[in-house]
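Peer 1: The structure under discussion is supplied below as structure tokens; questions concerning it will follow.
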Amino acid sequence: MKRDPSPTTLRSQLTAFFRVIASIIWKDLTVELRSRELLTAMLVFALLVVLIFNFALELDVKNRTGVTPGILWVTFTFAGTLGLNRSMAIEKDRGCLDGLLLVPVDRSAIYFGKFISNLAFMVIVEIIILPVYSALYNVNLFHPGLLLVILLGSIGYMAIGTLLAAMSVQTRTRDVLLPILLFPVVVPVLVAAVKSSGGFLQGSELAEILPWLNLLIAYDVIFIAIALMLFDYIVEE
Amino acid sequence: MSFQEITPDTSVYMIAGFTVFFGMMAIYLVSLFFRWRILKRKLELLKNMEKRKNS
Amino acid sequence: METRPFGLRILDAVTVLLLIAATCMVFFYAPREAAMGEVQRLFYFHVAAAWVGMLGFVAAGAAGIVYLHTQHIIWDIIESAAVEISLVFFFIAILLGSIWARPIWNAWWTWDPRLTTAAILELIYIAYMMLRQGIEDPDRRARFGAVYTLVGVLSIPITFLSIRLFRTIHPVVIGTASEAARGMFGMTPPMKQTFFFCFFIFTVIFADLFWNRILLGNLSKKIDQLRYRLM
């Protein structure tokens, strides 16, 4: 597949690279600002999950702090899957992906663009859910450590999620396939996120929480690298 | 466990286990066999189609 | 290659004979274990199947890398054959382990790191098969399969470590004898011999099934090519 003559200087290549990333993020955010369909769907879904947990689990004051990290992360996981599916489906259905592939820039720019915009949506939903959950269950969730864990966990989730969603949207089964592909490989993120969230909420010592944070950071780094290397193989035609 | 003088009779579980093993193996082999047959038939069909197309 | 090669027929026969030999060895040569009774005999097949299942997974990952490098479809056939057979072996291993655990630990399942990771591994196999079934185009199917295999292979060690960390910080209340009983019974020489022999023949069984399955994959590829030519 011959590419058009690409910019020769390193500087202009880098500029093109970042410009593609920025344009993807900008496109996703502005489209979402106008239609708000993705965020609304994710948010309403997340709220419903929190509501269901109220009936599904005994959330009296004693148990609450114990199960809160679990409930939060289940909610984020499912909302995140929803967001990934919709985001990639929009990309494919409107033919944006094909257009992006014509630009003579490294494919990883597309990956980064989608990764960051998916991450942004997930974080926006999380930022809204946290105060809602706090109010509904009278649990203080505004711990800086917790916010860090949520960010790190979301990064890991979206890093591998973007790659797998790009795959699943090109199959016959589409939406249904993403959780099946994603959940088994994202277990370390969930385990580490829940344990460290719980650690911060219960005021454990940093030394206890640190192994989990390290695990999260390691996973994030490893899987962003893996996704970068493999993304090319998924979007070539 | 270390103070047991009588070995427990767990034969039932053993039989169940080996049944599972041989059963699963058999099921897989049978599936391979049937898939082979189906593919062979498809190949024959396509070969006939090709012959008709070329002749 | 429409008919099965002669070498494979020999291997089929050898495999069946070896399996019979192993079964006899497990039932008649290996002694009855004092603490667990007859169910311990499952152990030989259980561990052998689990190990071979894991090796198949690693082989699939390697085949995936080679496919992405060379774009030669044969590596995709090898990879999907390896995953499929590993799926069967590992499922057998999980079932046998569960049946063994019931009388010994009084539970069909525990969430210790090895078992949990085994369940996740099996789910990755199944996800792989479902991914392949959802793609029509053989080239895309091969690429996506290779990518997912790699993602799976790289995630499993991290998953195992994370769950082990989970369990060491929070000691789990399983049956008290469990950790000790988990394969830690003293093995007499006949037991060890049976053990290694089973390990050997399960590898042979895997190789035999593998060869057969690759032939199936080749046949499927031929059909795809013929179908494409006739369009």
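Following the order of the structure tokens, first chain is A, next is B, and so on, with residues numbered from 1 inside each chain and ligands from 1 in the order they appear.
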So that I can see what lies close to region 16-30 of chain B, please list as a list in words the residues with an atom at most 7 Å from it, counting only C-alpha atoms and leaving out residues fewer than 5 positions away in the same chain.

Peer 2: Leu42, Ile92, Leu96 and Ile99 of chain C

Peer 1: Compile the residues of chain B that lie within 7 Å of chain C, evaluated using only C-alpha atoms, and express the compilation as a VMD selection string.

Peer 2: chain B and resid 1 7 to 11 13 to 14 17 21 36 39 43 46 50

Peer 1: Can you write just those residues out, C-alpha atoms, as a compact mmCIF listing (two decimals), in the first residue's frame?

Peer 2:
```
# COMPACT_ATOMS: atom_id res chain seq x y z
CA MET B 1 -6.34 -35.80 57.41
CA THR B 7 -8.53 -44.58 53.68
CA PRO B 8 -11.77 -42.90 52.56
CA ASP B 9 -13.64 -44.55 49.76
CA THR B 10 -13.51 -42.02 46.96
CA SER B 11 -13.92 -44.50 44.11
CA TYR B 13 -15.37 -39.67 42.23
CA MET B 14 -12.57 -41.45 40.47
CA GLY B 17 -13.50 -38.30 36.70
CA PHE B 21 -12.06 -37.61 30.63
CA TRP B 36 -14.02 -33.46 8.48
CA LEU B 39 -15.78 -30.15 4.83
CA LEU B 43 -14.95 -29.64 -1.19
CA LEU B 46 -17.04 -27.00 -5.05
CA GLU B 50 -15.37 -25.82 -10.84
```

Peer 1: Between C:Leu87, C:Val14, C:Ala82, C:Leu115, which has the minimum distance to Gly56 (chain C) (counting only C-alpha atoms)?

Peer 2: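 Closest residue, counting only C-alpha atoms: C:Ala82.
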
Peer 1: Would you list which chain A residues are within 10 Å of chain C using only C-alpha atoms, as a VMD selection string?

Peer 2: chain A and resid 160 163 to 164 167 to 168 170 to 174 177 to 192 195 208 211 to 212 215 to 216 218 to 219 222 to 223 226 to 227 229 to 231 233 to 237

Peer 1: Excluding Val49 (chain A) and its own-chain neighbours fewer than 4 positions away, which residues fall within 12 Å of it when counting only C-alpha atoms? Please give them as a list in words.

Peer 2: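 My reading of the contact set: Met42, Leu43, Val44, Phe45, Phe53, Asn54, Phe55, Ala56, Leu57, Ile71, Leu72, Trp73, Val74, Thr75, Phe76, Thr77, Phe78, Ala79, Ile129 and Tyr133 of chain A.
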
Peer 1: Take the residues just selected and output them with C-alpha atoms as a PDB file, in the first residue's frame.

Peer 2:
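Output file result22.pdb follows:
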```pdb
ATOM      1  CA  MET A  42     -23.302   5.977  29.752  1.00  0.00           C
ATOM      2  CA  LEU A  43     -24.459   8.186  32.589  1.00  0.00           C
ATOM      3  CA  VAL A  44     -28.017   6.911  32.787  1.00  0.00           C
ATOM      4  CA  PHE A  45     -26.750   3.358  32.601  1.00  0.00           C
ATOM      5  CA  PHE A  53     -26.987  -2.454  43.581  1.00  0.00           C
ATOM      6  CA  ASN A  54     -29.094  -0.819  46.222  1.00  0.00           C
ATOM      7  CA  PHE A  55     -31.505  -3.713  45.922  1.00  0.00           C
ATOM      8  CA  ALA A  56     -29.018  -6.391  45.074  1.00  0.00           C
ATOM      9  CA  LEU A  57     -26.706  -5.918  48.029  1.00  0.00           C
ATOM     10  CA  ILE A  71     -19.859  -1.366  43.241  1.00  0.00           C
ATOM     11  CA  LEU A  72     -18.030   1.619  41.800  1.00  0.00           C
ATOM     12  CA  TRP A  73     -15.798  -0.500  39.620  1.00  0.00           C
ATOM     13  CA  VAL A  74     -18.563  -2.740  38.362  1.00  0.00           C
ATOM     14  CA  THR A  75     -20.462   0.409  37.417  1.00  0.00           C
ATOM     15  CA  PHE A  76     -17.454   1.924  35.675  1.00  0.00           C
ATOM     16  CA  THR A  77     -16.681  -1.328  33.882  1.00  0.00           C
ATOM     17  CA  PHE A  78     -20.131  -1.647  32.392  1.00  0.00           C
ATOM     18  CA  ALA A  79     -20.441   2.034  31.528  1.00  0.00           C
ATOM     19  CA  ILE A 129     -21.080   9.306  39.474  1.00  0.00           C
ATOM     20  CA  TYR A 133     -22.874   7.894  44.971  1.00  0.00           C
TER      21      TYR A 133
END
```

Peer 1: At a cut-off of 10 Å, using only C-alpha atoms, what residues contact Leu136 (chain A)? Leave out same-chain residues fewer than 3 positions from it and give the result as a PyMOL selection string.

Peer 2: chain A and resi 50-51+54+130-133+139

Peer 1: Store the residues of this selection in a file with N, CA and C atoms, as a PDB file, in the first residue's frame.

Peer 2:
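Result file is part30.pdb:
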```pdb
ATOM      1  N   VAL A  50     -26.012   1.657  39.764  1.00  0.00           N
ATOM      2  CA  VAL A  50     -25.892   2.009  41.187  1.00  0.00           C
ATOM      3  C   VAL A  50     -27.220   1.752  41.889  1.00  0.00           C
ATOM      4  N   LEU A  51     -28.320   2.092  41.210  1.00  0.00           N
ATOM      5  CA  LEU A  51     -29.641   1.863  41.788  1.00  0.00           C
ATOM      6  C   LEU A  51     -29.899   0.376  42.016  1.00  0.00           C
ATOM      7  N   ASN A  54     -28.412  -1.130  44.977  1.00  0.00           N
ATOM      8  CA  ASN A  54     -29.094  -0.819  46.222  1.00  0.00           C
ATOM      9  C   ASN A  54     -30.015  -1.967  46.620  1.00  0.00           C
ATOM     10  N   LEU A 130     -19.330   9.869  41.076  1.00  0.00           N
ATOM     11  CA  LEU A 130     -18.763   9.916  42.424  1.00  0.00           C
ATOM     12  C   LEU A 130     -19.593  10.764  43.396  1.00  0.00           C
ATOM     13  N   PRO A 131     -19.898  12.016  43.075  1.00  0.00           N
ATOM     14  CA  PRO A 131     -20.711  12.787  44.028  1.00  0.00           C
ATOM     15  C   PRO A 131     -22.118  12.209  44.197  1.00  0.00           C
ATOM     16  N   VAL A 132     -22.675  11.645  43.113  1.00  0.00           N
ATOM     17  CA  VAL A 132     -24.008  11.053  43.230  1.00  0.00           C
ATOM     18  C   VAL A 132     -23.978   9.902  44.219  1.00  0.00           C
ATOM     19  N   TYR A 133     -22.997   9.039  44.066  1.00  0.00           N
ATOM     20  CA  TYR A 133     -22.874   7.894  44.971  1.00  0.00           C
ATOM     21  C   TYR A 133     -22.632   8.367  46.397  1.00  0.00           C
ATOM     22  N   VAL A 139     -21.301   8.260  51.763  1.00  0.00           N
ATOM     23  CA  VAL A 139     -19.914   7.827  51.872  1.00  0.00           C
ATOM     24  C   VAL A 139     -19.060   8.908  51.245  1.00  0.00           C
TER      25      VAL A 139
END
```

Peer 1: If you measure from CA of Ser134 (chain A) to CA of Leu29 (chain A), what distance in Å do you get, rounded to one decimal?

Peer 2: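 According to the coordinates, CA of Ser134 (chain A) and CA of Leu29 (chain A) are separated by 27.2 Å.
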